[in-house]
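Peer 1: Have a look at this one before I ask anything.
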Amino acid sequence: MSTGDLRESSARVDRSTPQDGVSLDPRASAARRSWAAAALLVPLALALPAWLAEDQALVVSHLRSARPVVDPPAIPLHVNESVQHWMEQFQTTRRVEFEALLQRRGLFEGMIRGKLRERGMPEDLLYLAMIESGLSPVAESHVSAVGLWQFMGPTALHLGLRVDDYVDERRDPVRATDAALDYLEYLYERFGSWYLAAAAYNAGPSRVERILHRHADGRTGDEDIYWEVLRYLPRETREYVPRLVATAILANEQDALGQSFDSLDAYEFDMVFVPGRTPLATVAESLDVDDDIVRDLNPHLVRGLTPPGEIYGVRVPIGGTPMVMAYMAEGPTQARAD
């Protein structure tokens with residue numbers, strides 16, 4: 001995915017280059033004092049978002065109560081030769097690949113659909129993430145587009161995502177989804193068509209706009225325009241919307257027929273705030289779970305520990321927050337990587 005002039009070959013943004021190795025603080029008494037301070041800070045860090053959330057919830061509740069009840073919008077699912085080609089592929093030579101995608105759908109479907117409903121956006125945009133990354137938050141393309149929604153580095157920064165040596169929010173399913181939906185809303189407002197918005201998401205809005213000016217008199221606001229300019233789009237983008245439409249049609253048919261596959265558990269978590277440089281392995285130890293469980297909930301922590309110099313929220317299995325806080329308050333001798 002790109003944003004025209006914002007596309008670049010490297011998605012990495014270096015802000016500092018600390019040593020890769022870590023060492024443990026040998027001064028146990030100093031470590032315990034640090035953890036005692038952290039034990040005081042953590043409840044405050046937990047309480048502040050809760051207080052802010054109460055006020056925000058009142059505002060959101062008022063706004064929602066004032067909105068009229070309307071049917072959710074939908075992406076028109078045109079069926080033509082290009083779409084039929086991909087439908088046949090997903091039912092034959094790519095059937096195993098497609099069924100694997102449907103299995104992964106359960107991991108992020110609830111979260112993404114919920115955010116789309118809140119914004120009044122078509123829920124079938126879920127399948128854009130499916131064709132972008134296979135619904136993998138750690139996916140990386142040959143041009144260094146990263147994450148569930150395949151952001152390039154400059155695009156991610158432009159949309160407010162954090163990308164540095166410790167945190168890459170392109171890999172954060174929640175933050176990246178919010179940014180992707182912000183961007184898709186902007187593209188829809190710009191082109192007045194979900195097909196053109198999807199094409200611009202893939203090829204960049206400037207490129208799509210130039211093609212529209214050259215081959216469609218600059219027209220926007222009609223889904224049929226995409227098919228008019230299809231042959232002028234970059235090759236990848238020519239296949240992009242047909243794949244999206246074919247995926248949505250077949251997935252919706254599976255749902256309508258009640259057919260299902262063994263689905264991955266939904267991405268759900270609680271949040272606990274811990275000191276900087278806390279290894280995820282320490283968080284896993286406090287919960288008595290495998291390290292991979294905590295790492296899978298925090299794919300955006302690229303070094304496997306929280307960034308230094310800040311209290312940082314770590315995602316843990318539901319119900320795990322009190323256990324982590326108690327463990328941290330006790331001052332584990334190997335709780336930080338100093």
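Letters A, B, ... mark the chains of the structure tokens in the order given; residue numbers begin at 1 per chain; ligand numbers begin at 1, in order shown.
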Can you pull out the residues contacting stretch 295-304 of chain A? Cut-off 9 Å, using only C-alpha atoms, and skip same-chain residues under 6 positions away; I want them as a PyMOL selection string.

Peer 2: chain A and resi 20+137-138+165-173+267-269+278-281+284+314-317

Peer 1: Mind checking DSSP for stretch 241-307 of chain A and telling me the strand (DSSP E) residues as a PyMOL selection string?

Peer 2: chain A and resi 270-274

Peer 1: Next, write the just-selected residues to a file, as a JSON list (two decimals), in the first residue's frame, keeping N, CA and C atoms as the atom set.

Peer 2:
[["chain", "number", "residue", "atom", "x", "y", "z"],
["A", 270, "ASP", "N", -6.30, -7.74, 27.75],
["A", 270, "ASP", "CA", -6.33, -6.69, 28.75],
["A", 270, "ASP", "C", -5.02, -5.91, 28.64],
["A", 271, "MET", "N", -4.98, -4.74, 29.25],
["A", 271, "MET", "CA", -3.80, -3.89, 29.18],
["A", 271, "MET", "C", -3.23, -3.71, 30.58],
["A", 272, "VAL", "N", -1.90, -3.77, 30.68],
["A", 272, "VAL", "CA", -1.21, -3.47, 31.94],
["A", 272, "VAL", "C", -0.04, -2.56, 31.62],
["A", 273, "PHE", "N", 0.18, -1.56, 32.44],
["A", 273, "PHE", "CA", 1.26, -0.61, 32.22],
["A", 273, "PHE", "C", 2.48, -1.00, 33.04],
["A", 274, "VAL", "N", 3.63, -1.05, 32.38],
["A", 274, "VAL", "CA", 4.86, -1.51, 33.02],
["A", 274, "VAL", "C", 5.97, -0.51, 32.72]]

Peer 1: Between atom CA of A:Leu126 and atom CA of A:Ala248, measure the distance and give it in Å to one decimal.

Peer 2: 8.7 Å

Peer 1: Using only C-alpha atoms, which residue out of A:Pro322, A:Pro242, A:Gly134, A:Pro122 lies closest to A:Ala74?

Peer 2: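 Of all the options, A:Pro122 lies closest to A:Ala74.
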
Peer 1: Excluding stretch 128-130 of chain A and any residue of its chain fewer than 5 positions from it, enumerate the residues within 10 Å of it, using only C-alpha atoms, and give them as a PyMOL selection string.

Peer 2: chain A and resi 98+101-102+104-105+108-109+112+135-137+147-150+177+180+198+201-202+240-241+243-245+247-248

Peer 1: Pick from A:Leu287, A:Ala216, A:Leu187, A:Leu196: nearest to A:Met325, with only C-alpha atoms counted?

Peer 2: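 With only C-alpha atoms as the atom set, the closest residue is A:Leu287.
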
Peer 1: Take atom CA of A:Asp124 and atom CA of A:Val96 and report the distance between them in Å, one decimal.

Peer 2: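 A separation of 21.2 Å between them.
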
Peer 1: Of the candidates A:Glu285, A:Asp290, A:Glu330, A:Asp224, which one gets nearest to A:Asn80 if we count only C-alpha atoms?

Peer 2: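 When distances to A:Asn80 are compared using only C-alpha atoms, the smallest one comes from A:Asp224.
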
Peer 1: Take atom CA of A:Ala200 and atom CA of A:Leu116 and report the distance between them in Å, one decimal.

Peer 2: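 Value for the atom CA of A:Ala200-atom CA of A:Leu116 distance: 18.9 Å.
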
Peer 1: What's around A:Ala156 at 10 Å? Count only C-alpha atoms, leave out sequence neighbours fewer than 3 positions away in its own chain, and write the answer as an MDAnalysis selection string.

Peer 2: chainID A and resid 2:3 6 11 145:146 150:153 159:163 168:170 176 179:180

Peer 1: Could the residues in this selection be written to a file with N, CA and C atoms, as a PDB file, in the first residue's frame?

Peer 2:
ATOM      1  N   SER A   2       0.457   2.295  -0.658  1.00  0.00           N
ATOM      2  CA  SER A   2       1.249   3.514  -0.683  1.00  0.00           C
ATOM      3  C   SER A   2       0.340   4.710  -0.711  1.00  0.00           C
ATOM      4  N   THR A   3       0.937   5.883  -0.560  1.00  0.00           N
ATOM      5  CA  THR A   3       0.195   7.126  -0.734  1.00  0.00           C
ATOM      6  C   THR A   3       0.914   7.994  -1.740  1.00  0.00           C
ATOM      7  N   LEU A   6       4.324   9.578  -1.132  1.00  0.00           N
ATOM      8  CA  LEU A   6       4.854   9.133   0.142  1.00  0.00           C
ATOM      9  C   LEU A   6       5.508   7.764   0.059  1.00  0.00           C
ATOM     10  N   ALA A  11      10.873   1.087   4.671  1.00  0.00           N
ATOM     11  CA  ALA A  11       9.814   1.426   5.615  1.00  0.00           C
ATOM     12  C   ALA A  11      10.375   1.707   6.998  1.00  0.00           C
ATOM     13  N   ALA A 145       6.506  -2.792   2.824  1.00  0.00           N
ATOM     14  CA  ALA A 145       5.207  -2.477   3.424  1.00  0.00           C
ATOM     15  C   ALA A 145       4.956  -3.503   4.520  1.00  0.00           C
ATOM     16  N   VAL A 146       4.461  -3.043   5.657  1.00  0.00           N
ATOM     17  CA  VAL A 146       4.457  -3.874   6.859  1.00  0.00           C
ATOM     18  C   VAL A 146       3.075  -3.899   7.510  1.00  0.00           C
ATOM     19  N   GLN A 150      -0.456  -3.239   5.602  1.00  0.00           N
ATOM     20  CA  GLN A 150       0.654  -3.036   4.673  1.00  0.00           C
ATOM     21  C   GLN A 150       0.987  -1.561   4.453  1.00  0.00           C
ATOM     22  N   PHE A 151       1.372  -0.892   5.537  1.00  0.00           N
ATOM     23  CA  PHE A 151       1.781   0.507   5.452  1.00  0.00           C
ATOM     24  C   PHE A 151       3.263   0.618   5.137  1.00  0.00           C
ATOM     25  N   MET A 152       3.608   1.560   4.270  1.00  0.00           N
ATOM     26  CA  MET A 152       4.986   1.992   4.116  1.00  0.00           C
ATOM     27  C   MET A 152       5.335   2.926   5.280  1.00  0.00           C
ATOM     28  N   GLY A 153       6.644   3.067   5.559  1.00  0.00           N
ATOM     29  CA  GLY A 153       7.063   3.874   6.691  1.00  0.00           C
ATOM     30  C   GLY A 153       6.555   5.309   6.662  1.00  0.00           C
ATOM     31  N   LEU A 159       0.159   9.189   9.031  1.00  0.00           N
ATOM     32  CA  LEU A 159      -1.133   8.860   9.646  1.00  0.00           C
ATOM     33  C   LEU A 159      -1.058   8.779  11.170  1.00  0.00           C
ATOM     34  N   GLY A 160       0.080   9.125  11.734  1.00  0.00           N
ATOM     35  CA  GLY A 160       0.194   9.205  13.188  1.00  0.00           C
ATOM     36  C   GLY A 160       0.637   7.933  13.878  1.00  0.00           C
ATOM     37  N   LEU A 161       1.120   6.955  13.131  1.00  0.00           N
ATOM     38  CA  LEU A 161       1.609   5.733  13.754  1.00  0.00           C
ATOM     39  C   LEU A 161       3.054   5.907  14.204  1.00  0.00           C
ATOM     40  N   ARG A 162       3.391   5.223  15.239  1.00  0.00           N
ATOM     41  CA  ARG A 162       4.749   5.281  15.787  1.00  0.00           C
ATOM     42  C   ARG A 162       5.607   4.215  15.120  1.00  0.00           C
ATOM     43  N   VAL A 163       6.752   4.624  14.599  1.00  0.00           N
ATOM     44  CA  VAL A 163       7.695   3.698  13.979  1.00  0.00           C
ATOM     45  C   VAL A 163       9.096   4.089  14.435  1.00  0.00           C
ATOM     46  N   ASP A 168       6.789  -0.477  16.442  1.00  0.00           N
ATOM     47  CA  ASP A 168       6.356  -0.308  15.049  1.00  0.00           C
ATOM     48  C   ASP A 168       4.854  -0.562  15.004  1.00  0.00           C
ATOM     49  N   GLU A 169       4.096   0.538  15.070  1.00  0.00           N
ATOM     50  CA  GLU A 169       2.652   0.398  15.169  1.00  0.00           C
ATOM     51  C   GLU A 169       1.998  -0.046  13.870  1.00  0.00           C
ATOM     52  N   ARG A 170       2.745  -0.173  12.802  1.00  0.00           N
ATOM     53  CA  ARG A 170       2.200  -0.819  11.617  1.00  0.00           C
ATOM     54  C   ARG A 170       1.858  -2.273  11.917  1.00  0.00           C
ATOM     55  N   ALA A 176      -3.054   0.115  13.774  1.00  0.00           N
ATOM     56  CA  ALA A 176      -2.967   0.114  12.312  1.00  0.00           C
ATOM     57  C   ALA A 176      -4.346   0.108  11.670  1.00  0.00           C
ATOM     58  N   ALA A 179      -5.718   3.621  11.770  1.00  0.00           N
ATOM     59  CA  ALA A 179      -5.063   4.449  10.754  1.00  0.00           C
ATOM     60  C   ALA A 179      -5.551   4.096   9.355  1.00  0.00           C
ATOM     61  N   ALA A 180      -5.713   2.809   9.070  1.00  0.00           N
ATOM     62  CA  ALA A 180      -6.170   2.382   7.747  1.00  0.00           C
ATOM     63  C   ALA A 180      -7.580   2.889   7.467  1.00  0.00           C
TER      64      ALA A 180
END

Peer 1: Which one of A:Met121, A:Ala246, A:Val324, A:Leu233 sits closest to A:His85 if you count only C-alpha atoms?

Peer 2: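 Among the listed residues, A:Ala246 lies closest to A:His85.
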
Peer 1: So which residues of stretch 35-276 of chain A fall under alpha helix (DSSP H) by DSSP, listed as JSON, numbers by chain?

Peer 2: {"A": [35, 36, 37, 38, 39, 40, 41, 42, 43, 44, 45, 46, 47, 48, 49, 50, 51, 52, 53, 54, 55, 56, 57, 58, 59, 60, 61, 62, 63, 64, 65, 66, 81, 82, 83, 84, 85, 86, 87, 88, 89, 90, 91, 95, 96, 97, 98, 99, 100, 101, 102, 103, 104, 105, 106, 107, 108, 109, 110, 111, 112, 113, 114, 115, 116, 117, 118, 119, 126, 127, 128, 129, 130, 131, 132, 133, 153, 154, 155, 156, 157, 158, 173, 174, 175, 176, 177, 178, 179, 180, 181, 182, 183, 184, 185, 186, 187, 188, 189, 190, 191, 194, 195, 196, 197, 198, 199, 200, 201, 202, 203, 205, 206, 207, 208, 209, 210, 211, 212, 213, 214, 215, 224, 225, 226, 227, 228, 229, 235, 236, 237, 238, 239, 240, 241, 242, 243, 244, 245, 246, 247, 248, 249, 250, 251, 252, 253, 254, 255, 256]}
